[in-house]
file structure.txt (compact mmCIF, C-alpha atoms)
# COMPACT_ATOMS: atom_id res chain seq x y z
CA MET N 1375 6.42 1.57 -17.65
CA GLU N 1376 5.98 5.29 -17.05
CA CYS N 1377 4.13 5.73 -13.80
CA GLY N 1378 2.81 9.25 -13.95
CA PRO N 1379 3.29 12.21 -11.60
CA GLN N 1380 3.77 11.65 -7.89
CA ARG N 1381 4.15 15.27 -6.81
CA GLU N 1382 2.82 18.78 -7.52
CA LEU N 1383 1.73 19.05 -11.16
CA THR N 1384 2.72 21.76 -13.58
CA PHE N 1385 1.17 23.13 -16.72
CA SER N 1386 2.83 24.69 -19.69
CA LEU N 1387 1.76 28.16 -20.68
CA SER N 1388 2.52 29.66 -24.04
CA ILE N 1389 1.62 33.31 -24.15
CA ASN N 1390 1.84 35.93 -26.86
CA VAL N 1391 2.76 39.06 -24.97
CA ALA N 1392 2.93 41.26 -28.10
CA ASP N 1393 5.05 44.25 -27.10
CA ASN N 1394 4.11 44.18 -23.40
CA LYS N 1395 6.81 43.67 -20.81
CA LEU N 1396 5.98 41.02 -18.24
CA ASN N 1397 7.32 41.99 -14.81
CA LYS N 1398 6.18 39.05 -12.72
CA ILE N 1399 3.62 36.34 -12.19
CA THR N 1400 2.19 35.56 -8.76
CA ALA N 1401 -0.24 32.88 -7.68
CA LEU N 1402 -2.90 33.06 -5.00
CA GLY N 1403 -2.22 30.66 -2.16
CA ALA N 1404 1.42 30.03 -3.06
CA LEU N 1405 3.56 29.31 -0.01
CA ASN N 1406 6.68 29.92 -2.00
CA ASN N 1407 6.77 32.39 -4.87
CA ASP N 1408 10.32 31.52 -5.96
CA ALA N 1409 8.99 29.69 -8.97
CA PHE N 1410 7.29 32.90 -10.09
CA VAL N 1411 9.77 35.51 -8.90
CA ASN N 1412 12.59 33.95 -10.87
CA LEU N 1413 10.59 34.06 -14.06
CA ARG N 1414 13.72 33.49 -16.06
CA ASP N 1415 13.95 29.99 -14.57
CA SER N 1416 10.37 29.24 -15.52
CA ILE N 1417 10.79 30.36 -19.11
CA THR N 1418 11.31 27.31 -21.26
CA THR N 1419 11.13 29.06 -24.62
CA GLU N 1420 11.39 32.67 -25.70
CA PHE N 1421 10.63 33.26 -29.38
CA ARG N 1422 9.68 36.68 -30.72
CA ASP N 1423 6.53 37.70 -28.79
CA TYR N 1424 5.96 34.24 -27.36
CA ARG N 1425 6.91 33.28 -23.86
CA GLU N 1426 6.59 29.75 -22.61
CA PHE N 1427 6.45 28.89 -18.93
CA GLN N 1428 6.18 25.78 -16.84
CA LEU N 1429 4.07 26.71 -13.80
CA PRO N 1430 2.84 24.63 -10.83
CA ILE N 1431 -0.80 24.08 -9.92
CA SER N 1432 -2.09 23.55 -6.41
CA LEU N 1433 -2.90 20.05 -5.21
CA ASN N 1434 -4.71 21.54 -2.22
CA ALA N 1435 -7.50 23.23 -4.16
CA ASP N 1436 -9.71 22.62 -7.18
CA GLN N 1437 -8.44 25.78 -8.81
CA THR N 1438 -5.38 28.00 -8.96
CA THR N 1439 -5.36 31.69 -9.86
CA TYR N 1440 -2.36 33.45 -11.36
CA ILE N 1441 -1.81 37.19 -11.62
CA PHE N 1442 0.21 38.48 -14.53
CA ASP N 1443 1.81 41.80 -13.80
CA PHE N 1444 2.71 43.60 -17.04
CA GLU N 1445 4.21 47.05 -17.28
CA ASN N 1446 0.93 48.65 -18.37
CA ARG N 1447 -1.73 46.10 -17.45
CA THR N 1448 -2.62 43.26 -15.12
CA ASP N 1449 -4.25 40.01 -16.16
CA THR N 1450 -5.56 37.03 -14.28
CA LEU N 1451 -5.82 33.40 -15.24
CA THR N 1452 -7.76 30.82 -13.24
CA LEU N 1453 -7.36 27.14 -13.97
CA SER N 1454 -10.00 24.88 -12.45
CA TYR N 1455 -9.71 21.11 -12.43
CA GLU N 1456 -10.78 17.93 -10.78
CA ARG N 1457 -7.95 16.33 -8.80
CA LEU N 1458 -7.49 12.59 -8.98
CA PHE N 1459 -5.37 10.71 -6.46
CA TYR N 1460 -5.18 6.98 -6.84
CA HIS N 1461 -3.03 3.91 -6.70
CA GLN N 1462 -1.54 2.77 -9.97
CA GLU N 1463 -0.72 -0.94 -10.19
CA GLY N 1464 3.03 -1.39 -9.94
CA CYS N 1465 3.70 2.31 -9.34
CA GLY N 1466 2.27 3.49 -6.06
CA PHE N 1467 0.11 6.58 -5.69
CA VAL N 1468 -0.14 8.98 -8.59
CA VAL N 1469 -1.86 12.29 -9.15
CA ASP N 1470 -3.74 13.39 -12.25
CA VAL N 1471 -6.31 16.01 -13.18
CA ASP N 1472 -9.48 15.85 -15.20
CA ASP N 1473 -11.94 18.42 -16.57
CA VAL N 1474 -9.39 21.23 -16.77
CA GLN N 1475 -10.91 24.61 -17.61
CA GLY N 1476 -9.52 28.10 -17.85
CA LYS N 1477 -10.90 31.58 -17.33
CA SER N 1478 -8.88 34.72 -17.92
CA THR N 1479 -8.76 38.36 -18.87
CA PHE N 1480 -6.64 37.50 -21.90
CA SER N 1481 -8.20 38.14 -25.29
CA TYR N 1482 -7.43 34.57 -26.33
CA LEU N 1483 -7.26 31.48 -24.16
CA HIS N 1484 -7.16 27.83 -25.09
CA VAL N 1485 -6.73 24.95 -22.66
CA THR N 1486 -5.84 21.39 -23.68
CA ALA N 1487 -5.44 18.62 -21.12
CA ILE N 1488 -4.14 15.14 -21.84
CA PRO N 1489 -4.18 12.78 -18.84
CA PHE N 1490 -0.77 12.46 -17.20
CA VAL N 1491 -1.45 8.82 -16.32
CA GLY N 1492 -2.75 5.94 -18.35
CA GLU N 1493 -3.50 4.81 -21.87
CA SER N 1494 -3.99 8.19 -23.51
CA LYS N 1495 -0.55 9.27 -22.40
CA GLY N 1496 1.66 9.24 -25.43
CA TRP N 1497 -1.35 8.95 -27.73
CA GLY N 1498 -0.62 10.38 -31.16
CA GLY N 1499 2.86 11.29 -30.02
CA HIS N 1500 1.54 13.66 -27.35
CA GLN N 1501 2.91 13.72 -23.85
CA GLY N 1502 0.41 13.94 -21.04
CA GLY N 1503 0.00 17.36 -19.55
CA ILE N 1504 -1.94 20.59 -19.38
CA PHE N 1505 -1.24 23.00 -22.22
CA VAL N 1506 -2.50 26.55 -22.08
CA SER N 1507 -2.05 29.04 -24.88
CA ALA N 1508 -2.98 32.68 -24.48
CA ALA N 1509 -2.62 36.06 -26.16
CA LEU N 1510 -3.06 39.56 -24.82
CA MET R 1316 -10.64 -15.76 -9.25
CA LYS R 1317 -13.51 -15.24 -6.78
CA LYS R 1318 -14.72 -18.74 -7.57
CA ALA R 1319 -11.26 -20.17 -6.91
CA LEU R 1320 -11.08 -18.42 -3.54
CA PHE R 1321 -14.56 -19.57 -2.65
CA LEU R 1322 -13.70 -23.18 -3.47
CA LEU R 1323 -10.52 -22.93 -1.43
CA ILE R 1324 -12.38 -21.52 1.57
CA LEU R 1325 -15.00 -24.24 1.19
CA ALA R 1326 -12.28 -26.89 1.14
CA VAL R 1327 -10.69 -25.38 4.25
CA ALA R 1328 -14.04 -25.17 6.05
CA SER R 1329 -14.96 -28.77 5.28
CA HIS R 1330 -11.55 -29.99 6.38
CA ILE R 1331 -11.83 -28.18 9.71
CA SER R 1332 -15.38 -29.35 10.36
CA PHE R 1333 -14.45 -32.97 9.62
CA ALA R 1334 -11.57 -32.65 12.02
CA GLN R 1335 -13.94 -31.40 14.70
CA THR R 1336 -16.44 -34.22 14.08
CA ASP R 1337 -13.63 -36.70 14.50
CA SER R 1338 -12.44 -35.16 17.71
CA LEU R 1339 -15.99 -35.12 19.09
CA SER R 1340 -16.58 -38.82 18.46
CA THR R 1341 -13.25 -39.81 19.98
CA PRO R 1342 -12.24 -37.21 22.54
CA PRO R 1343 -8.52 -36.37 22.34
CA LYS R 1344 -6.43 -37.52 25.24
CA GLN R 1345 -4.19 -34.48 25.22
CA ILE R 1346 -4.77 -30.82 24.57
CA SER R 1347 -2.03 -28.19 24.78
CA LEU R 1348 -2.51 -24.45 24.61
CA GLY R 1349 0.25 -22.50 22.95
CA LEU R 1350 1.10 -18.85 22.57
CA ASP R 1351 3.50 -17.24 20.14
CA VAL R 1352 6.35 -15.62 22.07
CA PHE R 1353 8.54 -14.33 19.25
CA GLN R 1354 6.76 -12.69 16.31
CA SER R 1355 6.16 -9.32 18.03
CA ILE R 1356 9.68 -8.90 19.37
CA PRO R 1357 11.80 -7.80 16.35
CA SER R 1358 9.39 -5.02 15.41
CA PHE R 1359 9.56 -3.53 18.93
CA VAL R 1360 13.30 -4.02 19.43
CA LEU R 1361 14.62 -3.11 15.98
CA ARG R 1362 11.86 -0.56 15.29
CA GLU R 1363 12.54 1.32 12.04
CA LYS R 1364 15.26 -1.13 10.97
CA TYR R 1365 12.76 -3.96 10.83
CA PHE R 1366 10.15 -4.30 8.15
CA THR R 1367 7.24 -3.85 10.57
CA HIS R 1368 7.25 -1.32 13.39
CA ASN R 1369 5.66 -1.77 16.84
CA THR R 1370 3.62 -4.61 15.49
CA LEU R 1371 1.75 -6.73 18.00
CA VAL R 1372 1.12 -10.33 16.98
CA VAL R 1373 -1.09 -12.40 19.27
CA GLU R 1374 -1.37 -15.99 18.14
CA PRO R 1375 -2.85 -18.62 20.45
CA THR R 1376 -2.81 -22.24 19.29
CA LEU R 1377 -4.65 -25.36 20.38
CA ARG R 1378 -2.80 -28.61 19.80
CA MET R 1379 -4.53 -31.95 20.26
CA ASN R 1380 -3.69 -35.45 19.28
CA GLY R 1381 -5.48 -37.03 16.38
CA LYS R 1382 -6.98 -40.47 16.07
CA LEU R 1383 -3.79 -42.07 14.87
CA PRO R 1384 -0.62 -42.22 16.95
CA ARG R 1385 1.94 -39.45 16.33
CA LYS R 1386 -0.69 -37.35 14.51
CA PHE R 1387 -1.74 -33.98 15.86
CA ILE R 1388 -4.21 -31.30 14.90
CA LEU R 1389 -3.39 -27.63 15.52
CA LEU R 1390 -5.82 -24.73 15.37
CA SER R 1391 -4.44 -21.19 15.52
CA ALA R 1392 -6.11 -17.80 15.53
CA GLY R 1393 -4.06 -14.63 15.17
CA TYR R 1394 -4.50 -10.90 15.62
CA VAL R 1395 -2.03 -8.38 14.22
CA ASN R 1396 -1.88 -4.62 14.75
CA GLY R 1397 1.05 -2.57 13.54
CA SER R 1398 2.59 -0.54 10.78
CA THR R 1399 5.28 -0.46 8.14
CA THR R 1400 7.04 2.29 6.22
CA LYS R 1401 8.64 -0.14 3.83
CA ASN R 1402 5.95 -0.97 1.32
CA PRO R 1403 7.88 -0.61 -1.95
CA MET R 1404 4.73 0.58 -3.70
CA TYR R 1405 4.72 3.82 -1.72
CA PRO R 1406 8.09 4.34 -0.09
CA GLY R 1407 8.25 6.54 2.99
CA THR R 1408 4.52 6.32 3.63
CA ARG R 1409 3.47 4.89 6.97
CA GLU R 1410 0.93 2.17 6.39
CA ASN R 1411 -1.01 0.93 9.39
CA PHE R 1412 -2.61 -2.48 9.36
CA GLN R 1413 -4.91 -4.59 11.47
CA GLY R 1414 -5.76 -8.15 10.65
CA ILE R 1415 -6.89 -11.54 11.80
CA TYR R 1416 -5.99 -14.98 10.56
CA PHE R 1417 -6.84 -18.60 11.14
CA LYS R 1418 -4.65 -21.60 10.53
CA ALA R 1419 -5.12 -25.31 10.84
CA GLY R 1420 -2.20 -27.69 10.94
CA PHE R 1421 -2.02 -31.42 10.44
CA GLU R 1422 1.13 -32.54 12.16
CA THR R 1423 3.18 -35.70 12.21
CA SER R 1424 6.01 -36.67 14.47
CA HIS R 1425 8.42 -39.42 13.54
CA THR R 1426 10.21 -41.84 15.79
CA ARG R 1427 13.57 -41.51 14.03
CA PHE R 1428 13.36 -37.86 13.03
CA PRO R 1429 13.36 -35.20 15.76
CA LEU R 1430 11.44 -32.51 13.83
CA ARG R 1431 7.68 -32.06 13.74
CA ILE R 1432 6.28 -31.65 10.27
CA GLY R 1433 2.94 -30.02 9.63
CA TYR R 1434 0.87 -28.40 6.93
CA GLY R 1435 -2.58 -26.99 6.55
CA PRO R 1436 -4.87 -24.23 5.28
CA LEU R 1437 -4.82 -20.59 6.32
CA VAL R 1438 -7.16 -17.62 5.90
CA SER R 1439 -5.95 -14.06 6.45
CA TRP R 1440 -7.95 -10.83 6.40
CA SER R 1441 -6.58 -7.35 6.98
CA VAL R 1442 -7.31 -3.64 6.67
CA TYR R 1443 -4.57 -1.20 5.68
CA SER R 1444 -4.69 2.56 6.01
CA GLY R 1445 -2.38 5.50 5.83
CA ARG R 1446 -1.68 8.91 4.40
CA HIS R 1447 0.44 9.30 1.30
CA LEU R 1448 2.22 12.60 0.91
CA PHE R 1449 2.39 14.28 -2.47
CA GLU R 1450 5.12 16.89 -2.33
CA GLY R 1451 4.03 20.40 -3.18
CA PRO R 1452 7.00 22.76 -2.99
CA VAL R 1453 5.00 25.76 -4.21
CA PHE R 1454 1.43 25.32 -2.96
CA GLY R 1455 2.07 22.94 -0.07
CA ASP R 1456 2.04 19.18 0.36
CA TYR R 1457 -1.11 17.18 -0.14
CA ARG R 1458 -1.94 14.22 2.09
CA HIS R 1459 -4.00 11.56 0.44
CA HIS R 1460 -5.83 9.25 2.86
CA PHE R 1461 -6.10 5.68 1.75
CA ARG R 1462 -7.74 2.56 3.13
CA TYR R 1463 -8.05 -0.90 1.60
CA ASN R 1464 -8.71 -4.51 2.51
CA ASN R 1465 -7.09 -7.78 1.63
CA LEU R 1466 -8.43 -11.30 1.93
CA ALA R 1467 -6.14 -14.26 1.38
CA ALA R 1468 -6.64 -18.01 1.54
CA GLY R 1469 -3.84 -20.47 1.12
CA VAL R 1470 -1.64 -23.12 2.64
CA HIS R 1471 1.24 -23.22 5.04
CA GLY R 1472 3.79 -25.82 6.00
CA TYR R 1473 6.20 -25.94 8.91
CA LEU R 1474 9.06 -27.77 10.54
CA GLY R 1475 9.45 -27.46 14.28
CA TYR R 1476 11.58 -28.68 17.13
CA ASP R 1477 10.15 -29.00 20.63
CA PHE R 1478 12.34 -28.17 23.63
CA THR R 1479 10.88 -29.72 26.76
CA THR R 1480 10.71 -27.14 29.54
CA GLY R 1481 8.72 -29.08 32.15
CA LYS R 1482 6.36 -32.00 32.70
CA LYS R 1483 3.52 -30.22 30.96
CA SER R 1484 5.26 -27.60 28.87
CA PHE R 1485 7.53 -27.20 25.89
CA ILE R 1486 8.86 -24.46 23.66
CA ARG R 1487 8.53 -25.00 19.96
CA VAL R 1488 10.93 -23.31 17.55
CA SER R 1489 9.63 -23.57 14.02
CA GLY R 1490 10.05 -22.33 10.51
CA GLN R 1491 7.06 -21.78 8.26
CA ILE R 1492 6.52 -21.27 4.57
CA SER R 1493 3.21 -20.24 3.06
CA THR R 1494 1.52 -19.09 -0.10
CA ALA R 1495 -2.02 -17.94 -0.84
CA LEU R 1496 -4.52 -16.58 -3.31
CA ARG R 1497 -5.64 -13.05 -2.54
CA MET R 1498 -8.39 -10.54 -3.20
CA GLY R 1499 -7.78 -6.86 -2.63
CA GLU R 1500 -7.49 -3.55 -4.44
CA LEU R 1501 -3.98 -2.44 -3.56
CA GLU R 1502 -0.71 -4.23 -2.98
CA PRO R 1503 0.06 -4.88 0.66
CA SER R 1504 3.53 -6.10 1.49
CA TYR R 1505 2.70 -7.63 4.87
CA TYR R 1506 0.12 -10.36 5.25
CA PRO R 1507 -1.01 -11.35 8.77
CA GLY R 1508 -0.16 -14.96 9.48
CA MET R 1509 2.21 -15.14 6.52
CA GLY R 1510 4.63 -12.25 6.83
CA VAL R 1511 6.34 -10.04 4.31
CA SER R 1512 5.80 -11.01 0.70
CA ALA R 1513 5.52 -9.75 -2.83
CA SER R 1514 2.31 -10.50 -4.65
CA SER R 1515 0.53 -10.21 -7.95
CA ASP R 1516 -3.14 -9.35 -8.32
CA LEU R 1517 -3.99 -12.98 -7.61
CA ILE R 1518 -1.17 -14.73 -5.80
CA ILE R 1519 0.93 -14.02 -2.75
CA TYR R 1520 4.31 -15.51 -3.53
CA ALA R 1521 5.81 -18.02 -1.15
CA THR R 1522 7.05 -16.43 2.02
CA GLY R 1523 8.48 -17.72 5.24
CA GLY R 1524 9.59 -16.98 8.76
CA ILE R 1525 10.70 -18.44 12.02
CA THR R 1526 9.10 -18.19 15.41
CA ALA R 1527 8.89 -19.66 18.89
CA GLN R 1528 5.79 -20.78 20.75
CA PHE R 1529 5.28 -21.76 24.37
CA PHE R 1530 2.92 -24.72 24.86
CA TYR R 1531 1.30 -25.86 28.08
CA ARG R 1532 -0.71 -29.03 28.43
CA ILE R 1533 -4.15 -28.23 29.78
CA ARG R 1534 -5.65 -31.69 29.48

call {"tool": "encode", "arguments": {"input": "structure.txt", "output": "structure tokens"}}
result
Amino acid sequence: MECGPQRELTFSLSINVADNKLNKITALGALNNDAFVNLRDSITTEFRDYREFQLPISLNADQTTYIFDFENRTDTLTLSYERLFYHQEGCGFVVDVDDVQGKSTFSYLHVTAIPFVGESKGWGGHQGGIFVSAAL
Amino acid sequence: MKKALFLLILAVASHISFAQTDSLSTPPKQISLGLDVFQSIPSFVLREKYFTHNTLVVEPTLRMNGKLPRKFILLSAGYVNGSTTKNPMYPGTRENFQGIYFKAGFETSHTRFPLRIGYGPLVSWSVYSGRHLFEGPVFGDYRHHFRYNNLAAGVHGYLGYDFTTGKKSFIRVSGQISTALRMGELEPSYYPGMGVSASSDLIIYATGGITAQFFYRIR
């Protein structure tokens, strides 16, 4: 049985950057910006104008704000969520989020969240997770 | 499940009260007071190597003779306060626990067999608490505080050997096995009065241990 996450969660971000060059991403409240500084490491897919990242969210707050530093513009994205910490039978403590919402300066933003833990995980072939797509 | 536990508790209660009625109508000739002198030691001496750490177990026992020859009735009450870091459900997390338990034992001694044999009901209640750490390499760790209760009712059986240490005293070395039904949200791995055990939602699987008790005859 898959137990679900037991550490800091991440979300996947797919962003259409058009012809803008992304210099860096930073996050407010990050103790360690390595994950953002080495953007190359966070890029999971690079296809034409699309960039896909796997970025962490804070377990210490109900929202996390990211700053996207492009060559000619700056954008912000704030993900808000309800954190759930509980004991899963046979697994130990797990973490999940509910009611995930996004706010940003992007022209297009869509947030989908499938619970990391429980029945709906794997439903319809989907993995649990937070999926954010955006376009400048 | 709740009904089963209730019936079990009822059965235990009626058994104990009958035993008391008996002892009131025919006062026992002998009463010994015992105290556990072993259960706490490994957790203080072996510390992190042992399953429980700095765990105090106080278990006084009253032992009196029953109506029939070579039959004894034992009543024990226990208090436990300690911690473990070895609950397999959340490894590395320090789980503190406090609990009380009650046991009754119906004991027989044989003329040709040197060991005392006893069995009886037990009830164990405990509160567990701790902080589970979720690692957060980027935004910092998160500590989740948890607290839960467990109630268990079951049976225990034991075999003991009494070493005479004086006119009125003896040291009993015994081995116990026990099993119980339980009610509780999470999965403890240590049950006061029973010891370390795995469990399902409903049943604490058979578990055992050895101990030593010092008895002194007070009447």

call {"tool": "interface_residues", "arguments": {"input": "structure.txt", "of": "chain R", "to": "chain N", "cutoff": "10 Å", "atoms": "all atoms listed in the file", "output": "list in words"}}
result
Asn1402, Pro1403, Met1404, Tyr1405, Pro1406, His1447, Leu1448, Phe1449, Glu1450, Gly1451, Pro1452, Val1453, Phe1454, Gly1455, Asp1456, Tyr1457, Arg1458, His1459, His1460, Phe1461, Glu1500, Leu1501, Glu1502, Ser1515 and Asp1516 of chain R

call {"tool": "atom_distance", "arguments": {"input": "structure.txt", "atom1": "CA of Asn1411 (chain R)", "atom2": "CA of Gly1378 (chain N)"}}
result
25.1 Å

call {"tool": "atom_distance", "arguments": {"input": "structure.txt", "atom1": "CA of Ala1508 (chain N)", "atom2": "CA of Leu1451 (chain N)"}}
result
9.7 Å

call {"tool": "closest_residue", "arguments": {"input": "structure.txt", "among": "R:Arg1362, R:Phe1421, R:Tyr1443, R:Ser1347", "to": "Lys1382 (chain R)", "atoms": "only C-alpha atoms"}}
result
R:Phe1421

call {"tool": "residues_near_point", "arguments": {"input": "structure.txt", "point": "(-3.1, 39.6, -13.7)", "cutoff": "10 Å", "atoms": "all atoms listed in the file", "output": "ChimeraX atom specification"}}
result
/N:1398-1401,1439-1444,1447-1452,1478-1480

call {"tool": "residues_around", "arguments": {"input": "structure.txt", "residues": "Arg1431 (chain R)", "least_positions_apart": "4", "cutoff": "8 Å", "atoms": "all atoms listed in the file", "output": "list in words"}}
result
Glu1422, Thr1423, Ser1424, His1425, Tyr1473, Leu1474, Gly1475, Tyr1476 and Asp1477 of chain R
